[in-house]
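The data block below is structure.txt; it holds compact mmCIF, C-alpha atoms.
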# COMPACT_ATOMS: atom_id res chain seq x y z
CA MET B 1 118.82 139.63 38.81
CA PRO B 2 115.02 139.96 39.40
CA HIS B 3 113.61 143.01 41.14
CA ALA B 4 111.44 143.04 44.23
CA PRO B 5 107.75 143.35 43.33
CA HIS B 6 106.61 146.98 43.02
CA LEU B 7 103.28 148.20 44.44
CA PRO B 8 102.81 151.64 42.83
CA ASP B 9 99.14 151.89 43.85
CA LEU B 10 99.80 151.24 47.55
CA ASP B 11 100.97 154.02 49.88
CA PRO B 12 101.71 152.29 53.21
CA PHE B 13 102.95 155.61 54.63
CA ALA B 14 99.73 157.58 54.05
CA PRO B 15 97.81 159.02 57.04
CA THR B 16 94.95 156.76 58.09
CA ARG B 17 91.87 156.96 60.26
CA ARG B 18 89.80 153.87 60.97
CA GLY B 19 87.91 151.95 63.62
CA LEU B 20 89.93 150.11 66.26
CA THR B 21 88.70 146.72 65.07
CA GLU B 22 89.06 147.51 61.34
CA PRO B 23 92.05 145.74 59.75
CA ASP B 24 94.60 147.70 57.75
CA PRO B 25 94.23 146.38 54.18
CA GLY B 26 97.72 147.60 53.32
CA ARG B 27 99.30 145.00 55.61
CA ALA B 28 97.70 142.10 53.75
CA ALA B 29 98.73 143.59 50.40
CA LEU B 30 102.34 143.93 51.50
CA ARG B 31 102.48 140.35 52.83
CA ALA B 32 100.90 138.97 49.66
CA ALA B 33 103.47 140.72 47.47
CA GLY B 34 106.43 138.85 48.99
CA PRO B 35 109.15 139.10 51.64
CA LEU B 36 110.65 142.24 50.05
CA VAL B 37 108.44 144.84 48.36
CA ARG B 38 109.34 148.01 46.48
CA VAL B 39 107.14 151.07 47.03
CA ASP B 40 107.30 154.80 46.35
CA ALA B 41 109.06 156.64 49.19
CA PRO B 42 107.39 159.66 50.83
CA ALA B 43 110.52 161.72 50.17
CA GLY B 44 110.70 160.59 46.54
CA GLY B 45 112.21 157.71 44.63
CA ARG B 46 112.14 154.05 45.55
CA ALA B 47 112.04 152.40 48.95
CA TRP B 48 111.91 148.77 50.05
CA ILE B 49 109.83 147.13 52.79
CA VAL B 50 110.67 143.82 54.45
CA THR B 51 107.50 141.86 55.26
CA GLU B 52 108.79 138.51 56.57
CA MET B 53 110.25 137.67 60.00
CA SER B 54 113.39 135.74 59.07
CA LEU B 55 114.38 138.31 56.46
CA ALA B 56 113.72 141.11 58.95
CA ARG B 57 116.02 139.53 61.53
CA GLU B 58 118.67 139.10 58.86
CA VAL B 59 118.51 142.80 57.99
CA LEU B 60 118.50 143.93 61.62
CA VAL B 61 121.92 142.38 62.27
CA ASP B 62 123.52 143.12 58.89
CA PRO B 63 126.00 146.06 59.10
CA ARG B 64 125.40 146.84 55.43
CA PHE B 65 122.03 148.33 56.46
CA SER B 66 122.84 151.50 58.40
CA LYS B 67 120.55 153.81 60.38
CA ASP B 68 122.88 156.75 59.77
CA PRO B 69 121.03 159.30 57.59
CA ALA B 70 124.39 160.12 55.99
CA PHE B 71 123.61 157.15 53.72
CA ALA B 72 120.14 158.39 52.74
CA PRO B 73 119.44 159.14 49.07
CA ALA B 74 121.23 162.35 48.15
CA ASP B 75 118.04 164.00 46.90
CA TRP B 76 115.93 163.27 49.99
CA ASP B 77 114.65 166.26 51.93
CA ARG B 78 115.46 165.62 55.58
CA GLU B 79 112.22 167.09 56.94
CA THR B 80 109.98 165.30 54.45
CA ALA B 81 111.72 162.02 55.21
CA GLY B 82 111.61 162.63 58.99
CA LEU B 83 115.34 162.05 59.37
CA GLU B 84 117.47 162.78 62.40
CA PRO B 85 120.81 164.58 62.05
CA THR B 86 123.56 162.32 60.75
CA ALA B 87 125.76 160.47 63.23
CA ALA B 88 128.60 162.88 62.45
CA GLU B 89 126.39 165.90 63.11
CA GLN B 90 124.79 164.52 66.28
CA PRO B 91 125.92 161.15 67.65
CA ALA B 92 122.95 159.16 68.95
CA LEU B 93 121.94 155.61 69.79
CA THR B 94 119.54 155.71 66.85
CA THR B 95 122.12 156.72 64.22
CA LEU B 96 125.55 155.46 65.31
CA GLU B 97 126.78 152.08 64.12
CA GLY B 98 129.58 149.67 64.95
CA PRO B 99 132.02 150.32 67.83
CA ASP B 100 130.75 153.89 68.40
CA HIS B 101 127.21 152.62 68.83
CA ALA B 102 128.36 149.80 71.10
CA ALA B 103 130.26 152.23 73.35
CA LEU B 104 127.28 154.54 73.71
CA ARG B 105 124.96 151.61 74.31
CA ARG B 106 127.26 150.34 77.07
CA ALA B 107 126.83 153.69 78.78
CA HIS B 108 123.02 153.47 78.65
CA ALA B 109 122.34 149.76 79.13
CA PRO B 110 123.25 149.30 82.84
CA LEU B 111 120.84 152.10 83.76
CA LEU B 112 117.87 150.44 82.05
CA THR B 113 118.29 146.74 82.85
CA ALA B 114 115.36 144.69 84.11
CA PRO B 115 116.61 144.73 87.75
CA ARG B 116 117.22 148.50 87.71
CA ILE B 117 113.80 149.18 86.21
CA GLN B 118 112.10 146.77 88.61
CA GLU B 119 113.51 148.84 91.47
CA ARG B 120 111.32 151.65 90.15
CA SER B 121 108.14 149.56 90.14
CA ASP B 122 106.57 150.98 93.31
CA ARG B 123 107.33 154.52 92.21
CA VAL B 124 105.87 154.00 88.74
CA HIS B 125 102.72 152.47 90.23
CA GLU B 126 102.47 155.45 92.58
CA ILE B 127 102.65 157.88 89.65
CA ALA B 128 99.93 156.00 87.75
CA ARG B 129 97.75 155.88 90.88
CA THR B 130 98.20 159.59 91.60
CA LEU B 131 97.41 160.76 88.07
CA LEU B 132 94.41 158.47 87.61
CA GLY B 133 93.15 159.36 91.10
CA ALA B 134 93.30 163.06 90.31
CA LEU B 135 91.26 162.50 87.16
CA ALA B 136 88.70 160.37 89.00
CA ALA B 137 88.27 163.02 91.69
CA ASP B 138 87.68 165.76 89.15
CA ARG B 139 85.02 164.26 86.89
CA THR B 140 82.89 161.18 86.24
CA GLU B 141 83.97 160.50 82.67
CA VAL B 142 87.53 161.12 81.49
CA ASP B 143 89.26 160.94 78.12
CA LEU B 144 92.57 159.26 78.87
CA MET B 145 93.99 160.27 75.46
CA ALA B 146 93.42 163.97 76.15
CA ASP B 147 96.24 164.39 78.65
CA PHE B 148 96.96 161.26 80.71
CA SER B 149 98.62 159.30 77.89
CA THR B 150 101.12 162.16 77.45
CA ARG B 151 101.57 163.22 81.06
CA TYR B 152 102.00 159.77 82.62
CA PRO B 153 105.08 158.57 80.68
CA LEU B 154 106.61 162.04 80.86
CA THR B 155 106.22 162.07 84.63
CA VAL B 156 107.84 158.63 84.89
CA LEU B 157 110.72 159.64 82.62
CA LEU B 158 111.47 163.00 84.22
CA ASP B 159 111.28 161.42 87.67
CA LEU B 160 113.72 158.73 86.54
CA LEU B 161 116.12 161.33 85.14
CA GLY B 162 115.99 163.43 88.28
CA VAL B 163 114.21 166.35 86.60
CA PRO B 164 111.91 168.40 88.90
CA LEU B 165 108.33 167.34 88.30
CA ASP B 166 107.07 170.90 88.24
CA LEU B 167 108.44 170.91 84.68
CA VAL B 168 106.04 168.19 83.47
CA ASP B 169 103.48 170.72 82.20
CA ARG B 170 106.08 172.38 79.96
CA ALA B 171 107.36 169.01 78.74
CA ALA B 172 103.84 167.86 77.87
CA ASP B 173 103.21 171.05 75.93
CA ALA B 174 106.49 170.61 74.04
CA CYS B 175 105.58 167.02 73.10
CA ARG B 176 102.21 168.13 71.73
CA ARG B 177 103.83 170.90 69.69
CA MET B 178 106.40 168.50 68.26
CA LEU B 179 103.61 166.37 66.82
CA GLY B 180 101.53 169.33 65.64
CA GLU B 181 101.36 170.83 62.17
CA GLU B 182 102.02 174.49 63.01
CA PRO B 183 104.90 175.77 60.81
CA GLY B 184 108.12 176.21 62.76
CA ALA B 185 106.66 174.87 65.99
CA GLN B 186 108.64 171.63 65.97
CA GLY B 187 112.07 173.28 66.20
CA GLY B 188 111.09 175.35 69.22
CA ALA B 189 109.46 172.35 70.88
CA ILE B 190 112.59 170.24 70.39
CA ALA B 191 114.77 172.97 71.93
CA GLU B 192 112.37 173.25 74.88
CA LEU B 193 112.33 169.51 75.50
CA ARG B 194 116.12 169.29 75.23
CA ALA B 195 116.50 171.98 77.88
CA LEU B 196 113.94 170.34 80.17
CA SER B 197 115.53 166.89 79.77
CA ALA B 198 118.86 168.32 80.92
CA ALA B 199 117.40 169.84 84.09
CA GLY B 200 118.58 166.74 85.96
CA LEU B 201 122.27 167.56 85.39
CA GLY B 202 122.76 169.91 88.35
CA GLU B 203 125.65 169.50 90.80
CA ASP B 204 123.49 167.71 93.38
CA ALA B 205 121.65 165.58 90.81
CA ARG B 206 120.89 162.00 91.82
CA GLY B 207 118.86 160.70 88.88
CA LEU B 208 119.60 158.75 85.74
CA ALA B 209 120.58 161.93 83.86
CA ALA B 210 123.60 162.47 86.09
CA GLU B 211 124.50 158.77 85.95
CA LEU B 212 124.42 158.80 82.17
CA ARG B 213 126.58 161.94 82.03
CA ASP B 214 129.19 160.12 84.12
CA ARG B 215 129.08 156.96 81.97
CA VAL B 216 129.22 158.25 78.39
CA PRO B 217 132.52 158.06 76.46
CA ALA B 218 135.07 160.64 77.60
CA HIS B 219 134.93 162.62 74.34
CA THR B 220 131.17 163.27 74.70
CA THR B 221 130.32 166.96 74.89
CA GLU B 222 127.74 168.50 77.24
CA GLU B 223 125.54 169.29 74.25
CA GLN B 224 125.69 165.66 73.13
CA VAL B 225 124.70 164.50 76.61
CA ARG B 226 121.69 166.80 76.40
CA TYR B 227 120.72 165.27 73.09
CA HIS B 228 120.98 161.74 74.52
CA LEU B 229 118.64 162.76 77.34
CA PHE B 230 116.24 164.39 74.88
CA THR B 231 116.03 161.21 72.80
CA LEU B 232 115.34 159.13 75.91
CA VAL B 233 112.48 161.43 76.92
CA PHE B 234 110.93 161.95 73.50
CA ALA B 235 111.20 158.33 72.33
CA GLY B 236 110.07 157.03 75.72
CA GLN B 237 107.04 159.30 75.84
CA LEU B 238 106.05 158.54 72.25
CA THR B 239 106.32 154.79 72.78
CA THR B 240 104.13 154.60 75.87
CA ASP B 241 101.67 157.29 74.78
CA ALA B 242 100.72 155.33 71.68
CA ALA B 243 100.42 151.99 73.46
CA LEU B 244 98.48 153.22 76.50
CA GLY B 245 95.21 153.79 74.69
CA PHE B 246 95.18 150.33 73.15
CA LEU B 247 96.18 148.73 76.45
CA VAL B 248 93.47 150.42 78.52
CA ALA B 249 90.84 149.79 75.86
CA ARG B 250 91.62 146.08 75.90
CA ALA B 251 91.82 145.98 79.70
CA LEU B 252 88.42 147.59 80.23
CA ALA B 253 86.47 145.98 77.40
CA GLY B 254 84.42 142.85 77.83
CA PRO B 255 85.30 139.41 76.44
CA PRO B 256 87.36 138.50 74.54
CA HIS B 257 89.36 141.45 75.89
CA ARG B 258 89.47 140.26 79.49
CA ARG B 259 90.47 142.54 82.36
CA PRO B 260 93.80 141.35 83.87
CA THR B 261 93.44 139.77 87.28
CA ASP B 262 97.07 139.42 88.35
CA ARG B 263 100.69 140.16 87.38
CA GLU B 264 100.85 137.28 84.92
CA ASP B 265 97.67 138.44 83.18
CA ALA B 266 98.97 142.03 83.08
CA ASP B 267 102.22 140.87 81.48
CA ALA B 268 100.29 138.92 78.86
CA LEU B 269 98.03 141.90 78.17
CA VAL B 270 101.05 144.17 77.67
CA ARG B 271 102.78 141.72 75.34
CA GLU B 272 99.66 141.14 73.25
CA THR B 273 98.89 144.86 73.04
CA LEU B 274 102.41 145.64 71.85
CA ARG B 275 102.31 142.77 69.37
CA GLN B 276 99.12 144.01 67.74
CA HIS B 277 99.85 147.73 68.12
CA PRO B 278 103.64 148.19 68.17
CA PRO B 279 104.72 151.75 69.01
CA ALA B 280 106.47 151.93 65.63
CA PRO B 281 104.59 150.06 62.87
CA PHE B 282 107.68 150.42 60.69
CA THR B 283 111.30 150.59 61.79
CA LEU B 284 113.21 153.81 61.29
CA TRP B 285 114.81 153.99 57.86
CA ARG B 286 117.89 151.96 57.16
CA PHE B 287 120.13 152.60 54.17
CA THR B 288 122.40 150.28 52.25
CA THR B 289 126.05 151.25 52.58
CA THR B 290 126.88 149.33 49.41
CA GLU B 291 125.07 147.36 46.73
CA VAL B 292 123.27 144.47 48.46
CA GLU B 293 121.53 141.33 47.25
CA LEU B 294 118.45 140.65 49.37
CA ALA B 295 115.66 138.11 48.87
CA GLY B 296 116.73 137.61 45.27
CA ALA B 297 116.75 141.32 44.45
CA ARG B 298 119.68 143.69 44.06
CA LEU B 299 119.45 146.93 46.02
CA PRO B 300 121.74 149.81 45.04
CA ALA B 301 123.90 151.70 47.52
CA ARG B 302 121.96 154.32 49.52
CA ALA B 303 118.72 152.38 49.07
CA PRO B 304 116.16 153.20 51.82
CA LEU B 305 114.62 150.20 53.56
CA THR B 306 112.21 149.72 56.44
CA ILE B 307 110.62 146.69 58.13
CA ASP B 308 106.87 146.24 58.46
CA VAL B 309 106.89 145.48 62.19
CA GLN B 310 103.12 145.50 62.60
CA GLY B 311 102.52 143.37 59.54
CA ILE B 312 105.09 140.78 60.63
CA ASN B 313 103.85 140.74 64.25
CA THR B 314 100.26 140.10 63.17
CA ASP B 315 100.97 137.70 60.31
CA PRO B 316 98.64 134.71 60.88
CA ALA B 317 101.31 132.43 59.42
CA ARG B 318 104.09 133.61 61.74
CA SER B 319 105.63 130.96 63.98
CA PRO B 320 105.30 131.47 67.75
CA GLY B 321 108.16 133.31 69.38
CA PRO B 322 109.45 136.80 70.16
CA ASP B 323 107.94 139.58 68.07
CA LEU B 324 109.52 142.76 66.73
CA ALA B 325 107.64 145.32 68.84
CA PHE B 326 110.96 146.72 70.11
CA GLY B 327 113.12 145.60 67.21
CA ALA B 328 116.01 143.13 67.35
CA GLY B 329 119.77 143.07 66.97
CA PRO B 330 122.19 145.84 68.00
CA HIS B 331 119.48 148.51 67.92
CA PHE B 332 116.95 146.65 70.10
CA CYS B 333 115.06 149.35 72.03
CA ILE B 334 117.08 150.31 75.11
CA GLY B 335 113.92 151.37 76.98
CA ALA B 336 111.83 148.24 76.41
CA GLN B 337 111.88 147.22 80.10
CA LEU B 338 110.68 150.66 81.18
CA ALA B 339 107.86 150.69 78.63
CA HIS B 340 106.68 147.27 79.83
CA LEU B 341 106.69 148.46 83.45
CA GLU B 342 104.76 151.63 82.64
CA LEU B 343 102.04 149.74 80.81
CA ARG B 344 101.87 146.98 83.40
CA ALA B 345 101.53 149.55 86.19
CA VAL B 346 98.51 151.19 84.57
CA ALA B 347 96.81 147.81 84.10
CA SER B 348 97.58 146.94 87.74
CA VAL B 349 96.30 150.25 89.16
CA LEU B 350 93.09 150.00 87.14
CA ARG B 351 92.55 146.51 88.57
CA THR B 352 93.28 147.36 92.20
CA ASP B 353 92.12 150.97 92.59
CA PHE B 354 89.35 151.21 90.00
CA PRO B 355 87.75 147.75 89.89
CA LYS B 356 84.51 149.16 88.42
CA ALA B 357 86.18 151.17 85.68
CA ARG B 358 84.77 150.61 82.20
CA LEU B 359 84.75 152.12 78.75
CA ALA B 360 82.17 154.87 78.28
CA VAL B 361 81.59 153.73 74.67
CA PRO B 362 81.54 150.31 73.02
CA PHE B 363 84.98 148.92 72.23
CA GLU B 364 84.06 148.75 68.54
CA ASP B 365 83.30 152.51 68.44
CA LEU B 366 86.86 153.51 69.35
CA ARG B 367 88.87 154.95 66.46
CA GLN B 368 92.57 155.15 65.73
CA VAL B 369 94.50 157.65 63.67
CA SER B 370 98.00 157.58 62.17
CA PRO B 371 99.78 160.74 60.98
CA GLY B 372 101.51 158.71 58.28
CA GLY B 373 105.15 158.09 57.54
CA LEU B 374 106.79 155.75 60.03
CA MET B 375 104.69 157.00 62.96
CA GLY B 376 102.33 154.66 64.78
CA SER B 377 98.61 154.92 65.41
CA ARG B 378 96.97 156.16 68.58
CA LEU B 379 93.35 156.31 69.65
CA THR B 380 91.58 159.56 68.81
CA ALA B 381 89.82 159.42 72.19
CA LEU B 382 89.42 157.00 75.09
CA PRO B 383 86.37 157.92 77.20
CA VAL B 384 86.43 155.97 80.46
CA LEU B 385 84.20 155.84 83.54
CA LEU B 386 86.77 155.22 86.25
CA HIS B 387 84.16 154.46 88.90
CA GLY B 388 81.95 152.38 86.65

Write-out of the structure in structure tokens:
Amino acid sequence: MPHAPHLPDLDPFAPTRRGLTEPDPGRAALRAAGPLVRVDAPAGGRAWIVTEMSLAREVLVDPRFSKDPAFAPADWDRETAGLEPTAAEQPALTTLEGPDHAALRRAHAPLLTAPRIQERSDRVHEIARTLLGALAADRTEVDLMADFSTRYPLTVLLDLLGVPLDLVDRAADACRRMLGEEPGAQGGAIAELRALSAAGLGEDARGLAAELRDRVPAHTTEEQVRYHLFTLVFAGQLTTDAALGFLVARALAGPPHRRPTDREDADALVRETLRQHPPAPFTLWRFTTTEVELAGARLPARAPLTIDVQGINTDPARSPGPDLAFGAGPHFCIGAQLAHLELRAVASVLRTDFPKARLAVPFEDLRQVSPGGLMGSRLTALPVLLHG
């Protein structure tokens, strides 16, 4: 049985810093190597990367590839690998599989459908308008990556959950600390964000947090509910934060990055931004539950595998059709509709309330940075003149 090609000199998980218009040479190298490529894993040993759309969709629906870290290589350090607790330790949408995952997803899904999210459209537009208006009133030039890209999705999420908005400052600080490098800071930040996310569970609560508590399986503990809310807030903030910079940069730049003029244009701008700059350039790790033959190669049990979402989305040879920005299969992102609305609202408010807004620097001078691992890129800064 042949092995997947090995690229020992390529580290696709290394931190990067490059211009916004500079291509990532690693993507081309991965594609050229074949549909399944073996690389060195950040936590040690071997890992496999899927680089082709049809193979990716096959993996995403195959139960032999589990997201439960219980199947991770036995010698992997959890922190180095960036793993969540196992499904047994902490049940979650991102780690459960099979019937348990389906039951938890059924509890979440009705709260985040397209009609339910569309009901929030006016409110989300109002939040975008208020936050951008406050920035415009305070100064001529603003860096939208300095605070807005964190604060805006957090405000939307906490408002949706029924959490008092006077807690947004603390939530924003916790999110920054979670992504920082200060030793020990992440654990405290996670605890803080978990407590804040659960602030919508009071007796008179009317938000999504209380609805979710009433919908989860009967055996779910209060602590597990709090974790579900934490994952909604953290994942939702991280997704929109990363995409916002790229979206606004494209919206305010000159041709060929044309400012959206209506809802249809805004939808197209959001889709194209997410295709080129998916919130997660790689999927979270999946692990083989048994020995698996894939693309002509044999993977052992407990083999770590990820999918090159960004490389597949931007493959010039890819056939037209849905991309993988929010995944596919049973683990398709539950919050995709909300992320689309948040991004569309910002594009709409910029068009209607700040028609003269423009970038304060040339589009080509913007830079993006990735912390490495499975994390996506974000702009280092986004200086904007909101009044032109």

Nearby residues (only C-alpha atoms) at most 12 Å from segment 115-124 of chain B, same-chain spacing under 2 positions excluded, as a PDB file with C-alpha atoms, keeping the file's coordinate frame:
ATOM      1  CA  HIS B 108     123.020 153.470  78.650  1.00  0.00           C
ATOM      2  CA  ALA B 109     122.340 149.760  79.130  1.00  0.00           C
ATOM      3  CA  PRO B 110     123.250 149.300  82.840  1.00  0.00           C
ATOM      4  CA  LEU B 111     120.840 152.100  83.760  1.00  0.00           C
ATOM      5  CA  LEU B 112     117.870 150.440  82.050  1.00  0.00           C
ATOM      6  CA  THR B 113     118.290 146.740  82.850  1.00  0.00           C
ATOM      7  CA  GLU B 126     102.470 155.450  92.580  1.00  0.00           C
ATOM      8  CA  ILE B 127     102.650 157.880  89.650  1.00  0.00           C
ATOM      9  CA  ALA B 128      99.930 156.000  87.750  1.00  0.00           C
ATOM     10  CA  ARG B 129      97.750 155.880  90.880  1.00  0.00           C
ATOM     11  CA  THR B 130      98.200 159.590  91.600  1.00  0.00           C
ATOM     12  CA  LEU B 131      97.410 160.760  88.070  1.00  0.00           C
ATOM     13  CA  TYR B 152     102.000 159.770  82.620  1.00  0.00           C
ATOM     14  CA  PRO B 153     105.080 158.570  80.680  1.00  0.00           C
ATOM     15  CA  LEU B 154     106.610 162.040  80.860  1.00  0.00           C
ATOM     16  CA  THR B 155     106.220 162.070  84.630  1.00  0.00           C
ATOM     17  CA  VAL B 156     107.840 158.630  84.890  1.00  0.00           C
ATOM     18  CA  LEU B 157     110.720 159.640  82.620  1.00  0.00           C
ATOM     19  CA  LEU B 158     111.470 163.000  84.220  1.00  0.00           C
ATOM     20  CA  ASP B 159     111.280 161.420  87.670  1.00  0.00           C
ATOM     21  CA  LEU B 160     113.720 158.730  86.540  1.00  0.00           C
ATOM     22  CA  LEU B 161     116.120 161.330  85.140  1.00  0.00           C
ATOM     23  CA  GLY B 207     118.860 160.700  88.880  1.00  0.00           C
ATOM     24  CA  LEU B 208     119.600 158.750  85.740  1.00  0.00           C
ATOM     25  CA  ILE B 334     117.080 150.310  75.110  1.00  0.00           C
ATOM     26  CA  GLY B 335     113.920 151.370  76.980  1.00  0.00           C
ATOM     27  CA  ALA B 336     111.830 148.240  76.410  1.00  0.00           C
ATOM     28  CA  GLN B 337     111.880 147.220  80.100  1.00  0.00           C
ATOM     29  CA  LEU B 338     110.680 150.660  81.180  1.00  0.00           C
ATOM     30  CA  ALA B 339     107.860 150.690  78.630  1.00  0.00           C
ATOM     31  CA  HIS B 340     106.680 147.270  79.830  1.00  0.00           C
ATOM     32  CA  LEU B 341     106.690 148.460  83.450  1.00  0.00           C
ATOM     33  CA  GLU B 342     104.760 151.630  82.640  1.00  0.00           C
ATOM     34  CA  LEU B 343     102.040 149.740  80.810  1.00  0.00           C
ATOM     35  CA  ARG B 344     101.870 146.980  83.400  1.00  0.00           C
ATOM     36  CA  ALA B 345     101.530 149.550  86.190  1.00  0.00           C
ATOM     37  CA  VAL B 346      98.510 151.190  84.570  1.00  0.00           C
ATOM     38  CA  ALA B 347      96.810 147.810  84.100  1.00  0.00           C
ATOM     39  CA  SER B 348      97.580 146.940  87.740  1.00  0.00           C
ATOM     40  CA  VAL B 349      96.300 150.250  89.160  1.00  0.00           C
TER      41      VAL B 349
END

With all atoms listed in the file as the basis for distance, which of B:Ala32, B:Met178, B:Ile190, B:Leu93 is at the shortest distance from Leu232 of chain B? B:Leu93

Go through B:Phe326, B:Ala92, B:Leu385, B:Arg351 one by one, measure the shortest atom-to-atom distance of each to Thr240 of chain B using only C-alpha atoms, and give the residue with the smallest value.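 Residue with the minimum atom-to-atom distance to Thr240 of chain B: B:Phe326.
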
What would the list of residues within 9 Å of (112.4, 172.1, 88.7) (file frame) look like as a list in words, if only C-alpha atoms are what count?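 Taken together, the residues in range are Val163, Pro164, Leu165, Asp166, Leu167, Leu196, Ala199 and Gly200 of chain B.
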
Kindly indicate which residue among B:Leu212, B:Ala360, B:Ala266, B:Ile307 lies nearest to Leu247 of chain B, using all atoms listed in the file for the distances.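 Residue with the minimum atom-to-atom distance to Leu247 of chain B: B:Ala266.
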
Nearest to Ala88 of chain B: which of B:Phe363, B:Phe71, B:Phe332, B:Trp48 is it, counting all atoms listed in the file?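 Answer, going by the shortest atom-to-atom distance: B:Phe71.
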
Can you list, as JSON, numbers by chain, every protein, DNA or RNA residue that comes within 7 Å of Thr16 of chain B when you count all atoms listed in the file, leaving out same-chain residues fewer than 2 positions away? {"B": [14, 18, 369, 370, 371, 372]}

Pick the closest to Arg378 of chain B from B:Gly44, B:Gly187, B:Pro330, B:Pro281: which is it, counting only C-alpha atoms?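 Result for the nearest residue to Arg378 of chain B: B:Pro281.
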
Nearest to Gly188 of chain B by atom-to-atom distance, counting only C-alpha atoms, from B:Asp214, B:Asp11, B:Asp173, B:Glu293: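 When distances to Gly188 of chain B are compared using only C-alpha atoms, the smallest one comes from B:Asp173.
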
Once you add 8 Å to each side, what are the centre and edge lengths of the axis-aligned box holding all listed atoms of segment 122-132 of chain B? One decimal in Å, as JSON, if you can.
{"center_x": 100.9, "center_y": 155.9, "center_z": 90.5, "size_x": 28.9, "size_y": 25.8, "size_z": 21.7}

Using only C-alpha atoms, which protein or nucleic acid residues come within 7 Å of segment 63-66 of chain B? Drop anything in the same chain fewer than 2 positions from it, and give the result as a PDB file with C-alpha atoms, in the frame of the given file.
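The file below, selection-v3.pdb, is the result:
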ATOM      1  CA  VAL B  59     118.510 142.800  57.990  1.00  0.00           C
ATOM      2  CA  VAL B  61     121.920 142.380  62.270  1.00  0.00           C
ATOM      3  CA  ASP B  68     122.880 156.750  59.770  1.00  0.00           C
ATOM      4  CA  GLU B  97     126.780 152.080  64.120  1.00  0.00           C
ATOM      5  CA  ARG B 286     117.890 151.960  57.160  1.00  0.00           C
ATOM      6  CA  PHE B 287     120.130 152.600  54.170  1.00  0.00           C
ATOM      7  CA  THR B 288     122.400 150.280  52.250  1.00  0.00           C
ATOM      8  CA  THR B 289     126.050 151.250  52.580  1.00  0.00           C
ATOM      9  CA  THR B 290     126.880 149.330  49.410  1.00  0.00           C
TER      10      THR B 290
END

I want to know what sits within 6 Å of Pro35 of chain B, based on only C-alpha atoms, with residues of the same chain fewer than 5 positions away left out; could you give that as a PyMOL selection string? chain B and resi 50-52

The selected residues should be written to file as an mmCIF file, in the frame of the given file (atoms: C-alpha atoms).
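Generated output (again_4.cif):
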data_model
loop_
_atom_site.group_PDB
_atom_site.id
_atom_site.type_symbol
_atom_site.label_atom_id
_atom_site.label_comp_id
_atom_site.auth_asym_id
_atom_site.auth_seq_id
_atom_site.Cartn_x
_atom_site.Cartn_y
_atom_site.Cartn_z
ATOM 1 C CA VAL B 50 110.670 143.820 54.450
ATOM 2 C CA THR B 51 107.500 141.860 55.260
ATOM 3 C CA GLU B 52 108.790 138.510 56.570
#

Can you list, as a PyMOL selection string, every protein, DNA or RNA residue that comes within 8 Å of Thr306 of chain B when you count all atoms listed in the file, leaving out same-chain residues fewer than 2 positions away? chain B and resi 47-50+282-286+304+308
